Amino acid sequence: MGGRDATMVLLDENGVRCDGRKVDETRRIMIKAGGLKNADGSAYIEFGDNKILVGVFGPRDVHPKHMSNTDTGILRVRYHMEPFSVGERKNPAPSRREIEISKVIKEALEPAVMLEKFPRTAVDVFIEVLQADGGTRCAALSAASVALADAGIPMRDMVAAVAAGKVADTVILDVNNEEDQAGQADMPIGYMPNLEKITLLQLDGVLTPEEYKKCVDVGVKGCKIVYDLQKKALNDKYFGNGGD
Amino acid sequence: MDNRRKYVIPGDLVTTGPFRPEQNVVLEGDKIISTTIGISEIYDDSVRVIPLTGKYIPKINDLVIGKVISHTSLSWELDINSCYVGFLPAQDVFGRDFSAHADELSSKLKSGDLVAARIANFDRTRDPLVTISDRDLGKIDSGDLVKISPSKVPRLIGKRGSMIQMIEMATNAAVTIGQNGWVVVSCETPEGLLKAKKAIEMINEKAHVANLTDQVKEMLEIKEDES
């Protein structure tokens, strides 16, 4: 984003990052389940300055018909950034990057969603990024998982996601936009906390084998923090945590 | 009983041990894991989760309310509020001697008609087969359709039908509940109809409240005093 200090220190000598966080601290995360009346399930996430809305439909009829599969249901994901989600207006047409992220999120959700229970149907996930600040794919994946649970689609586990990375030769948790632009590595991780399985792992940058292992460990720890918040969001909606 | 029932979300461990996994749970190793948001129940030998959200999935022998979408020369298609359409063959209505040339399907059921039907057969390879050849089944001529969430149908029925009986007694209405979340209410008096509909909608909105029966009772009684 324009106007930010070019000589910004990503990590100072006290181990404090450019936005005041510690190395193993996530940004402020708020997840809310539900909220959209016309969708079968929905979720809203604020992940630092990221604001993402997710709507889920299904299981429902597949159109066009030839896409349907007689053995299993299909999952369709659309990740889309609003024109106003970034500093300079983004063309609303799906870009190469958005198509890739849609595919990546779809494949990260597929191990969790029990599509084989609904042959010949489709589950549609619509992700709208209202405001982006680095790490949208992880935030979107976490929100999509809450929205799928809200829609009552059978899942083996929730999928929680957060990015780990490297700036100033130090492994950090939850990479923000500045750290992504100027940092040395960015590793988004999607994780099923109960089954202890990783469903998404990408890496942009260079890491030594030791750093790589540390990044995965830090990321998985972060995913568990996100999972607790996903759990809280669903509990708040369905069981009214002590209220009602 | 308290430690046997708990609130779960997908991925939550319900229990471990030699139990038979039933609805909405999967066995992963020796762990029984919930696959949906709901309330887990552990019985002597089995475990299940009562869902709090989700679409209607047809089950054999379920009573459903369907709406006729269209027909071919051999069958009708019913909207049963599910991801699959209900398939009602013409033989079911016309009998064995049905002939595609002589009988006109629209003479019995037109599109838009409401039908009380039973799921006769359903497996994952084909759309659910429904039948209306049984007592209390067939075309519904009168009454208002109320749509509720299919996951709240058990709440509307209540324990051994207590909730629905209470509504029927208080309002003199006849209520047909489809497992798919569609409910037909018919009543001779418009007040009773209105009151029954209001009670059903209230259950739909407040299904998670603990003392719902009392609240519904209160609402039904207050209205009586006014009229």
# chains A, B, ... in the order shown; residues from 1 in each chain; ligands from 1
>>> interface_residues(of="chain B", to="chain A", cutoff="12 Å", atoms="only C-alpha atoms", output="JSON list (two decimals) with N, CA and C atoms, in the first residue's frame")
[["chain", "number", "residue", "atom", "x", "y", "z"],
["B", 6, "LYS", "N", -23.97, -33.63, 25.00],
["B", 6, "LYS", "CA", -23.18, -32.38, 24.99],
["B", 6, "LYS", "C", -23.26, -31.73, 23.62],
["B", 7, "TYR", "N", -22.92, -30.44, 23.62],
["B", 7, "TYR", "CA", -22.92, -29.68, 22.39],
["B", 7, "TYR", "C", -21.63, -29.96, 21.63],
["B", 8, "VAL", "N", -21.74, -30.24, 20.35],
["B", 8, "VAL", "CA", -20.55, -30.54, 19.55],
["B", 8, "VAL", "C", -20.55, -29.75, 18.25],
["B", 9, "ILE", "N", -19.36, -29.54, 17.70],
["B", 9, "ILE", "CA", -19.19, -28.97, 16.36],
["B", 9, "ILE", "C", -18.36, -29.97, 15.55],
["B", 10, "PRO", "N", -18.30, -29.80, 14.22],
["B", 10, "PRO", "CA", -17.55, -30.78, 13.43],
["B", 10, "PRO", "C", -16.12, -30.97, 13.95],
["B", 11, "GLY", "N", -15.69, -32.20, 14.04],
["B", 11, "GLY", "CA", -14.34, -32.50, 14.51],
["B", 11, "GLY", "C", -14.26, -32.80, 15.98],
["B", 12, "ASP", "N", -15.30, -32.45, 16.73],
["B", 12, "ASP", "CA", -15.26, -32.70, 18.17],
["B", 12, "ASP", "C", -15.34, -34.18, 18.49],
["B", 13, "LEU", "N", -14.58, -34.58, 19.47],
["B", 13, "LEU", "CA", -14.62, -35.97, 19.93],
["B", 13, "LEU", "C", -15.89, -36.18, 20.74],
["B", 14, "VAL", "N", -16.70, -37.15, 20.34],
["B", 14, "VAL", "CA", -17.91, -37.45, 21.11],
["B", 14, "VAL", "C", -17.56, -38.44, 22.21],
["B", 23, "GLN", "N", -26.13, -41.62, 13.32],
["B", 23, "GLN", "CA", -26.23, -40.40, 12.53],
["B", 23, "GLN", "C", -25.14, -39.37, 12.85],
["B", 24, "ASN", "N", -24.60, -38.77, 11.81],
["B", 24, "ASN", "CA", -23.72, -37.59, 11.92],
["B", 24, "ASN", "C", -22.47, -37.80, 12.77],
["B", 25, "VAL", "N", -21.99, -39.02, 12.81],
["B", 25, "VAL", "CA", -20.70, -39.26, 13.45],
["B", 25, "VAL", "C", -19.86, -40.17, 12.54],
["B", 26, "VAL", "N", -18.55, -40.06, 12.67],
["B", 26, "VAL", "CA", -17.65, -40.97, 11.95],
["B", 26, "VAL", "C", -16.66, -41.58, 12.93],
["B", 27, "LEU", "N", -16.21, -42.76, 12.55],
["B", 27, "LEU", "CA", -15.22, -43.46, 13.36],
["B", 27, "LEU", "C", -13.85, -43.19, 12.76],
["B", 28, "GLU", "N", -12.96, -42.57, 13.54],
["B", 28, "GLU", "CA", -11.58, -42.35, 13.08],
["B", 28, "GLU", "C", -10.69, -43.09, 14.07],
["B", 29, "GLY", "N", -10.18, -44.23, 13.68],
["B", 29, "GLY", "CA", -9.42, -45.05, 14.63],
["B", 29, "GLY", "C", -10.38, -45.56, 15.69],
["B", 31, "LYS", "N", -11.72, -43.32, 17.84],
["B", 31, "LYS", "CA", -12.45, -42.13, 18.27],
["B", 31, "LYS", "C", -13.73, -41.98, 17.45],
["B", 32, "ILE", "N", -14.80, -41.56, 18.12],
["B", 32, "ILE", "CA", -16.03, -41.25, 17.41],
["B", 32, "ILE", "C", -16.15, -39.73, 17.38],
["B", 33, "ILE", "N", -16.20, -39.20, 16.13],
["B", 33, "ILE", "CA", -16.11, -37.77, 15.92],
["B", 33, "ILE", "C", -17.40, -37.25, 15.30],
["B", 34, "SER", "N", -17.84, -36.10, 15.80],
["B", 34, "SER", "CA", -19.04, -35.47, 15.25],
["B", 34, "SER", "C", -18.74, -34.87, 13.89],
["B", 35, "THR", "N", -19.72, -34.90, 12.97],
["B", 35, "THR", "CA", -19.50, -34.30, 11.66],
["B", 35, "THR", "C", -20.36, -33.07, 11.45],
["B", 36, "THR", "N", -21.12, -32.69, 12.46],
["B", 36, "THR", "CA", -21.99, -31.54, 12.28],
["B", 36, "THR", "C", -22.18, -30.82, 13.61],
["B", 37, "ILE", "N", -22.79, -29.63, 13.54],
["B", 37, "ILE", "CA", -23.10, -28.90, 14.76],
["B", 37, "ILE", "C", -24.36, -29.54, 15.35],
["B", 38, "GLY", "N", -24.32, -29.90, 16.62],
["B", 38, "GLY", "CA", -25.51, -30.52, 17.18],
["B", 38, "GLY", "C", -25.32, -30.94, 18.61],
["B", 39, "ILE", "N", -26.22, -31.83, 19.04],
["B", 39, "ILE", "CA", -26.17, -32.34, 20.40],
["B", 39, "ILE", "C", -25.88, -33.82, 20.33],
["B", 49, "VAL", "N", -25.48, -37.84, 16.74],
["B", 49, "VAL", "CA", -25.55, -36.41, 16.96],
["B", 49, "VAL", "C", -26.83, -35.89, 16.31],
["B", 50, "ILE", "N", -27.63, -35.20, 17.10],
["B", 50, "ILE", "CA", -28.84, -34.58, 16.56],
["B", 50, "ILE", "C", -28.45, -33.24, 15.95],
["B", 51, "PRO", "N", -28.62, -33.08, 14.64],
["B", 51, "PRO", "CA", -28.11, -31.86, 14.01],
["B", 51, "PRO", "C", -28.96, -30.63, 14.36],
["B", 52, "LEU", "N", -28.32, -29.48, 14.41],
["B", 52, "LEU", "CA", -29.04, -28.23, 14.66],
["B", 52, "LEU", "C", -29.14, -27.38, 13.40],
["B", 53, "THR", "N", -28.56, -27.86, 12.32],
["B", 53, "THR", "CA", -28.61, -27.11, 11.07],
["B", 53, "THR", "C", -28.45, -28.10, 9.92],
["B", 54, "GLY", "N", -28.75, -27.64, 8.72],
["B", 54, "GLY", "CA", -28.53, -28.50, 7.56],
["B", 54, "GLY", "C", -29.79, -28.76, 6.76],
["B", 55, "LYS", "N", -29.56, -29.25, 5.54],
["B", 55, "LYS", "CA", -30.66, -29.54, 4.63],
["B", 55, "LYS", "C", -31.30, -30.88, 4.96],
["B", 56, "TYR", "N", -32.50, -31.08, 4.41],
["B", 56, "TYR", "CA", -33.18, -32.35, 4.61],
["B", 56, "TYR", "C", -32.55, -33.41, 3.70],
["B", 57, "ILE", "N", -32.18, -34.54, 4.28],
["B", 57, "ILE", "CA", -31.69, -35.68, 3.53],
["B", 57, "ILE", "C", -32.76, -36.75, 3.61],
["B", 58, "PRO", "N", -33.29, -37.21, 2.47],
["B", 58, "PRO", "CA", -34.39, -38.18, 2.51],
["B", 58, "PRO", "C", -33.99, -39.46, 3.24],
["B", 81, "ASN", "N", -37.99, -30.11, -0.70],
["B", 81, "ASN", "CA", -37.13, -29.27, 0.14],
["B", 81, "ASN", "C", -35.80, -29.95, 0.45],
["B", 82, "SER", "N", -35.27, -30.64, -0.55],
["B", 82, "SER", "CA", -34.03, -31.37, -0.35],
["B", 82, "SER", "C", -33.11, -31.07, -1.53],
["B", 83, "CYS", "N", -31.93, -31.67, -1.53],
["B", 83, "CYS", "CA", -31.08, -31.48, -2.70],
["B", 83, "CYS", "C", -31.47, -32.44, -3.82],
["B", 84, "TYR", "N", -32.40, -33.33, -3.56],
["B", 84, "TYR", "CA", -32.88, -34.23, -4.59],
["B", 84, "TYR", "C", -34.38, -34.00, -4.80],
["B", 85, "VAL", "N", -34.89, -34.30, -6.01],
["B", 85, "VAL", "CA", -36.33, -34.19, -6.24],
["B", 85, "VAL", "C", -37.00, -35.53, -5.98],
["B", 123, "ASP", "N", -31.61, -44.52, -2.35],
["B", 123, "ASP", "CA", -30.21, -44.82, -2.16],
["B", 123, "ASP", "C", -29.42, -43.80, -2.94],
["B", 124, "ARG", "N", -28.11, -43.84, -2.81],
["B", 124, "ARG", "CA", -27.32, -42.76, -3.36],
["B", 124, "ARG", "C", -27.25, -42.75, -4.87],
["B", 125, "THR", "N", -27.73, -43.81, -5.52],
["B", 125, "THR", "CA", -27.60, -43.86, -6.97],
["B", 125, "THR", "C", -28.73, -43.16, -7.70],
["B", 126, "ARG", "N", -29.91, -43.07, -7.05],
["B", 126, "ARG", "CA", -31.05, -42.50, -7.76],
["B", 126, "ARG", "C", -31.80, -41.51, -6.88],
["B", 127, "ASP", "N", -32.65, -40.70, -7.51],
["B", 127, "ASP", "CA", -33.47, -39.77, -6.75],
["B", 127, "ASP", "C", -34.46, -40.54, -5.89],
["B", 149, "SER", "N", -37.22, -25.01, 9.51],
["B", 149, "SER", "CA", -35.96, -25.68, 9.25],
["B", 149, "SER", "C", -36.11, -27.18, 9.55],
["B", 150, "PRO", "N", -35.68, -28.06, 8.63],
["B", 150, "PRO", "CA", -35.87, -29.50, 8.84],
["B", 150, "PRO", "C", -35.23, -30.00, 10.14],
["B", 151, "SER", "N", -34.17, -29.32, 10.60],
["B", 151, "SER", "CA", -33.52, -29.77, 11.82],
["B", 151, "SER", "C", -34.36, -29.45, 13.06],
["B", 205, "GLU", "N", -38.14, -20.50, 15.59],
["B", 205, "GLU", "CA", -37.16, -19.47, 15.96],
["B", 205, "GLU", "C", -36.47, -19.77, 17.29],
["B", 206, "LYS", "N", -37.21, -20.40, 18.20],
["B", 206, "LYS", "CA", -36.65, -20.55, 19.55],
["B", 206, "LYS", "C", -36.38, -22.01, 19.90],
["B", 207, "ALA", "N", -36.03, -22.81, 18.90],
["B", 207, "ALA", "CA", -35.88, -24.25, 19.12],
["B", 207, "ALA", "C", -34.85, -24.59, 20.18],
["B", 208, "HIS", "N", -33.87, -23.71, 20.39],
["B", 208, "HIS", "CA", -32.79, -24.04, 21.33],
["B", 208, "HIS", "C", -33.14, -23.68, 22.77],
["B", 209, "VAL", "N", -34.25, -22.97, 22.99],
["B", 209, "VAL", "CA", -34.60, -22.53, 24.34],
["B", 209, "VAL", "C", -35.07, -23.73, 25.17],
["B", 210, "ALA", "N", -34.66, -23.75, 26.43],
["B", 210, "ALA", "CA", -34.91, -24.93, 27.26],
["B", 210, "ALA", "C", -36.40, -25.08, 27.63],
["B", 211, "ASN", "N", -37.02, -24.01, 28.10],
["B", 211, "ASN", "CA", -38.40, -24.15, 28.56],
["B", 211, "ASN", "C", -39.40, -23.72, 27.48]]
>>> residues_around(residues="range 88-104 of chain A", least_positions_apart="6", cutoff="8 Å", atoms="only C-alpha atoms", output="list in words")
Val77, Arg78, Tyr79, His80, Met81, Glu82, Arg137 and Leu200 of chain A
>>> write_last_selection(atoms="C-alpha atoms", output="PDB file, in the first residue's frame")
ATOM      1  CA  VAL A  77     -15.215 -22.235  -4.434  1.00  0.00           C
ATOM      2  CA  ARG A  78     -15.083 -18.669  -5.692  1.00  0.00           C
ATOM      3  CA  TYR A  79     -12.600 -16.340  -4.059  1.00  0.00           C
ATOM      4  CA  HIS A  80     -13.230 -12.777  -5.115  1.00  0.00           C
ATOM      5  CA  MET A  81     -11.739  -9.447  -4.120  1.00  0.00           C
ATOM      6  CA  GLU A  82     -13.930  -6.381  -4.145  1.00  0.00           C
ATOM      7  CA  ARG A 137      -6.240 -16.903   1.724  1.00  0.00           C
ATOM      8  CA  LEU A 200      -2.799 -26.522   2.784  1.00  0.00           C
TER       9      LEU A 200
END
>>> closest_residue(among="A:Gly222, A:Gly87, A:Gly55, A:Gly20", to="Ala143 in chain A", atoms="only C-alpha atoms")
A:Gly55
>>> residues_around(residues="Asp24 in chain A", least_positions_apart="2", cutoff="6 Å", atoms="only C-alpha atoms", output="list in words")
Lys22, Ile172 and Leu173 of chain A
>>> closest_residue(among="A:Ile189, A:Val129, A:Ile29, A:Val218", to="Ala108 in chain A", atoms="only C-alpha atoms")
A:Ile189
>>> select_by_dssp(residues="range 13-154 of chain B", states="alpha helix (DSSP H)", output="PyMOL selection string")
chain B and resi 91-94+153-154
>>> residues_around(residues="Arg17 in chain A", least_positions_apart="2", cutoff="12 Å", atoms="only C-alpha atoms", output="NGL selection string")
:A and (8-15 or 19-27 or 166-168 or 170-176 or 178-179 or 183)
>>> select_by_dssp(residues="range 56-174 of chain B", states="strand (DSSP E or B)", output="PDB file with N, CA and C atoms, in the first residue's frame")
ATOM      1  N   TYR B  56     -32.502 -31.077   4.408  1.00  0.00           N
ATOM      2  CA  TYR B  56     -33.176 -32.354   4.605  1.00  0.00           C
ATOM      3  C   TYR B  56     -32.555 -33.413   3.699  1.00  0.00           C
ATOM      4  N   LEU B  63     -42.297 -39.336   6.344  1.00  0.00           N
ATOM      5  CA  LEU B  63     -43.428 -38.628   5.768  1.00  0.00           C
ATOM      6  C   LEU B  63     -42.945 -37.240   5.372  1.00  0.00           C
ATOM      7  N   VAL B  64     -43.185 -36.868   4.115  1.00  0.00           N
ATOM      8  CA  VAL B  64     -42.757 -35.540   3.674  1.00  0.00           C
ATOM      9  C   VAL B  64     -43.924 -34.827   2.992  1.00  0.00           C
ATOM     10  N   ILE B  65     -43.848 -33.510   2.984  1.00  0.00           N
ATOM     11  CA  ILE B  65     -44.793 -32.724   2.201  1.00  0.00           C
ATOM     12  C   ILE B  65     -44.059 -32.299   0.948  1.00  0.00           C
ATOM     13  N   GLY B  66     -44.651 -32.567  -0.212  1.00  0.00           N
ATOM     14  CA  GLY B  66     -43.985 -32.210  -1.464  1.00  0.00           C
ATOM     15  C   GLY B  66     -44.860 -31.296  -2.284  1.00  0.00           C
ATOM     16  N   LYS B  67     -44.200 -30.552  -3.167  1.00  0.00           N
ATOM     17  CA  LYS B  67     -44.933 -29.689  -4.081  1.00  0.00           C
ATOM     18  C   LYS B  67     -44.637 -30.177  -5.487  1.00  0.00           C
ATOM     19  N   VAL B  68     -45.690 -30.378  -6.300  1.00  0.00           N
ATOM     20  CA  VAL B  68     -45.485 -30.898  -7.648  1.00  0.00           C
ATOM     21  C   VAL B  68     -44.786 -29.837  -8.489  1.00  0.00           C
ATOM     22  N   ILE B  69     -43.629 -30.200  -9.044  1.00  0.00           N
ATOM     23  CA  ILE B  69     -42.908 -29.258  -9.905  1.00  0.00           C
ATOM     24  C   ILE B  69     -43.364 -29.446 -11.348  1.00  0.00           C
ATOM     25  N   SER B  70     -43.350 -30.691 -11.806  1.00  0.00           N
ATOM     26  CA  SER B  70     -43.684 -30.952 -13.205  1.00  0.00           C
ATOM     27  C   SER B  70     -44.026 -32.427 -13.347  1.00  0.00           C
ATOM     28  N   HIS B  71     -44.477 -32.800 -14.545  1.00  0.00           N
ATOM     29  CA  HIS B  71     -44.701 -34.222 -14.774  1.00  0.00           C
ATOM     30  C   HIS B  71     -44.329 -34.570 -16.192  1.00  0.00           C
ATOM     31  N   SER B  75     -44.493 -39.976 -14.887  1.00  0.00           N
ATOM     32  CA  SER B  75     -44.229 -39.704 -13.477  1.00  0.00           C
ATOM     33  C   SER B  75     -44.329 -38.209 -13.161  1.00  0.00           C
ATOM     34  N   TRP B  76     -44.466 -37.939 -11.856  1.00  0.00           N
ATOM     35  CA  TRP B  76     -44.405 -36.556 -11.392  1.00  0.00           C
ATOM     36  C   TRP B  76     -43.059 -36.319 -10.711  1.00  0.00           C
ATOM     37  N   GLU B  77     -42.680 -35.043 -10.655  1.00  0.00           N
ATOM     38  CA  GLU B  77     -41.511 -34.671  -9.872  1.00  0.00           C
ATOM     39  C   GLU B  77     -41.957 -33.759  -8.747  1.00  0.00           C
ATOM     40  N   LEU B  78     -41.549 -34.082  -7.520  1.00  0.00           N
ATOM     41  CA  LEU B  78     -41.950 -33.288  -6.370  1.00  0.00           C
ATOM     42  C   LEU B  78     -40.761 -32.549  -5.778  1.00  0.00           C
ATOM     43  N   ASP B  79     -40.997 -31.301  -5.428  1.00  0.00           N
ATOM     44  CA  ASP B  79     -40.009 -30.549  -4.649  1.00  0.00           C
ATOM     45  C   ASP B  79     -40.212 -30.963  -3.191  1.00  0.00           C
ATOM     46  N   SER B  82     -35.270 -30.641  -0.546  1.00  0.00           N
ATOM     47  CA  SER B  82     -34.026 -31.375  -0.348  1.00  0.00           C
ATOM     48  C   SER B  82     -33.114 -31.071  -1.532  1.00  0.00           C
ATOM     49  N   VAL B  85     -34.888 -34.304  -6.014  1.00  0.00           N
ATOM     50  CA  VAL B  85     -36.329 -34.188  -6.241  1.00  0.00           C
ATOM     51  C   VAL B  85     -36.997 -35.532  -5.978  1.00  0.00           C
ATOM     52  N   GLY B  86     -38.213 -35.491  -5.485  1.00  0.00           N
ATOM     53  CA  GLY B  86     -38.963 -36.716  -5.249  1.00  0.00           C
ATOM     54  C   GLY B  86     -39.543 -37.228  -6.563  1.00  0.00           C
ATOM     55  N   PHE B  87     -39.462 -38.525  -6.759  1.00  0.00           N
ATOM     56  CA  PHE B  87     -39.919 -39.140  -8.008  1.00  0.00           C
ATOM     57  C   PHE B  87     -41.177 -39.944  -7.691  1.00  0.00           C
ATOM     58  N   LEU B  88     -42.310 -39.515  -8.264  1.00  0.00           N
ATOM     59  CA  LEU B  88     -43.588 -40.186  -7.991  1.00  0.00           C
ATOM     60  C   LEU B  88     -44.089 -40.829  -9.269  1.00  0.00           C
ATOM     61  N   PRO B  89     -43.980 -42.163  -9.401  1.00  0.00           N
ATOM     62  CA  PRO B  89     -44.402 -42.814 -10.636  1.00  0.00           C
ATOM     63  C   PRO B  89     -45.925 -42.832 -10.783  1.00  0.00           C
ATOM     64  N   LEU B 114     -49.959 -29.518  -3.464  1.00  0.00           N
ATOM     65  CA  LEU B 114     -49.228 -30.046  -2.314  1.00  0.00           C
ATOM     66  C   LEU B 114     -49.627 -31.503  -2.087  1.00  0.00           C
ATOM     67  N   VAL B 115     -48.645 -32.315  -1.762  1.00  0.00           N
ATOM     68  CA  VAL B 115     -48.879 -33.746  -1.592  1.00  0.00           C
ATOM     69  C   VAL B 115     -48.225 -34.214  -0.304  1.00  0.00           C
ATOM     70  N   ALA B 116     -48.959 -35.022   0.455  1.00  0.00           N
ATOM     71  CA  ALA B 116     -48.333 -35.717   1.575  1.00  0.00           C
ATOM     72  C   ALA B 116     -47.845 -37.049   1.039  1.00  0.00           C
ATOM     73  N   ALA B 117     -46.590 -37.333   1.176  1.00  0.00           N
ATOM     74  CA  ALA B 117     -46.024 -38.535   0.571  1.00  0.00           C
ATOM     75  C   ALA B 117     -45.058 -39.205   1.536  1.00  0.00           C
ATOM     76  N   ARG B 118     -44.750 -40.471   1.223  1.00  0.00           N
ATOM     77  CA  ARG B 118     -43.799 -41.202   2.034  1.00  0.00           C
ATOM     78  C   ARG B 118     -42.615 -41.595   1.160  1.00  0.00           C
ATOM     79  N   ILE B 119     -41.413 -41.517   1.699  1.00  0.00           N
ATOM     80  CA  ILE B 119     -40.238 -41.934   0.939  1.00  0.00           C
ATOM     81  C   ILE B 119     -40.261 -43.460   0.884  1.00  0.00           C
ATOM     82  N   ALA B 120     -40.450 -44.005  -0.326  1.00  0.00           N
ATOM     83  CA  ALA B 120     -40.562 -45.460  -0.461  1.00  0.00           C
ATOM     84  C   ALA B 120     -39.186 -46.090  -0.598  1.00  0.00           C
ATOM     85  N   ASN B 121     -38.306 -45.405  -1.291  1.00  0.00           N
ATOM     86  CA  ASN B 121     -36.987 -45.973  -1.513  1.00  0.00           C
ATOM     87  C   ASN B 121     -36.006 -44.847  -1.799  1.00  0.00           C
ATOM     88  N   LEU B 129     -37.583 -42.236  -4.371  1.00  0.00           N
ATOM     89  CA  LEU B 129     -38.872 -42.682  -4.897  1.00  0.00           C
ATOM     90  C   LEU B 129     -39.908 -42.449  -3.814  1.00  0.00           C
ATOM     91  N   VAL B 130     -40.985 -41.727  -4.145  1.00  0.00           N
ATOM     92  CA  VAL B 130     -42.005 -41.493  -3.128  1.00  0.00           C
ATOM     93  C   VAL B 130     -43.318 -42.185  -3.513  1.00  0.00           C
ATOM     94  N   THR B 131     -44.124 -42.436  -2.511  1.00  0.00           N
ATOM     95  CA  THR B 131     -45.419 -43.062  -2.759  1.00  0.00           C
ATOM     96  C   THR B 131     -46.505 -42.268  -2.051  1.00  0.00           C
ATOM     97  N   GLY B 138     -51.458 -38.504   0.079  1.00  0.00           N
ATOM     98  CA  GLY B 138     -52.128 -38.031  -1.119  1.00  0.00           C
ATOM     99  C   GLY B 138     -52.196 -36.531  -1.171  1.00  0.00           C
ATOM    100  N   LYS B 139     -53.003 -36.052  -2.115  1.00  0.00           N
ATOM    101  CA  LYS B 139     -53.087 -34.608  -2.346  1.00  0.00           C
ATOM    102  C   LYS B 139     -53.671 -33.886  -1.133  1.00  0.00           C
ATOM    103  N   ILE B 140     -53.107 -32.744  -0.813  1.00  0.00           N
ATOM    104  CA  ILE B 140     -53.618 -31.934   0.286  1.00  0.00           C
ATOM    105  C   ILE B 140     -54.462 -30.817  -0.313  1.00  0.00           C
ATOM    106  N   ASP B 144     -52.729 -24.310   5.177  1.00  0.00           N
ATOM    107  CA  ASP B 144     -51.650 -23.369   4.880  1.00  0.00           C
ATOM    108  C   ASP B 144     -50.312 -24.056   5.058  1.00  0.00           C
ATOM    109  N   LEU B 145     -49.389 -23.750   4.154  1.00  0.00           N
ATOM    110  CA  LEU B 145     -48.047 -24.331   4.245  1.00  0.00           C
ATOM    111  C   LEU B 145     -47.156 -23.423   5.077  1.00  0.00           C
ATOM    112  N   VAL B 146     -46.519 -24.006   6.085  1.00  0.00           N
ATOM    113  CA  VAL B 146     -45.532 -23.268   6.887  1.00  0.00           C
ATOM    114  C   VAL B 146     -44.198 -23.963   6.676  1.00  0.00           C
ATOM    115  N   LYS B 147     -43.174 -23.172   6.355  1.00  0.00           N
ATOM    116  CA  LYS B 147     -41.861 -23.777   6.134  1.00  0.00           C
ATOM    117  C   LYS B 147     -40.983 -23.531   7.358  1.00  0.00           C
ATOM    118  N   ALA B 174     -55.620 -29.047  12.555  1.00  0.00           N
ATOM    119  CA  ALA B 174     -54.984 -30.310  12.166  1.00  0.00           C
ATOM    120  C   ALA B 174     -53.643 -29.982  11.539  1.00  0.00           C
TER     121      ALA B 174
END
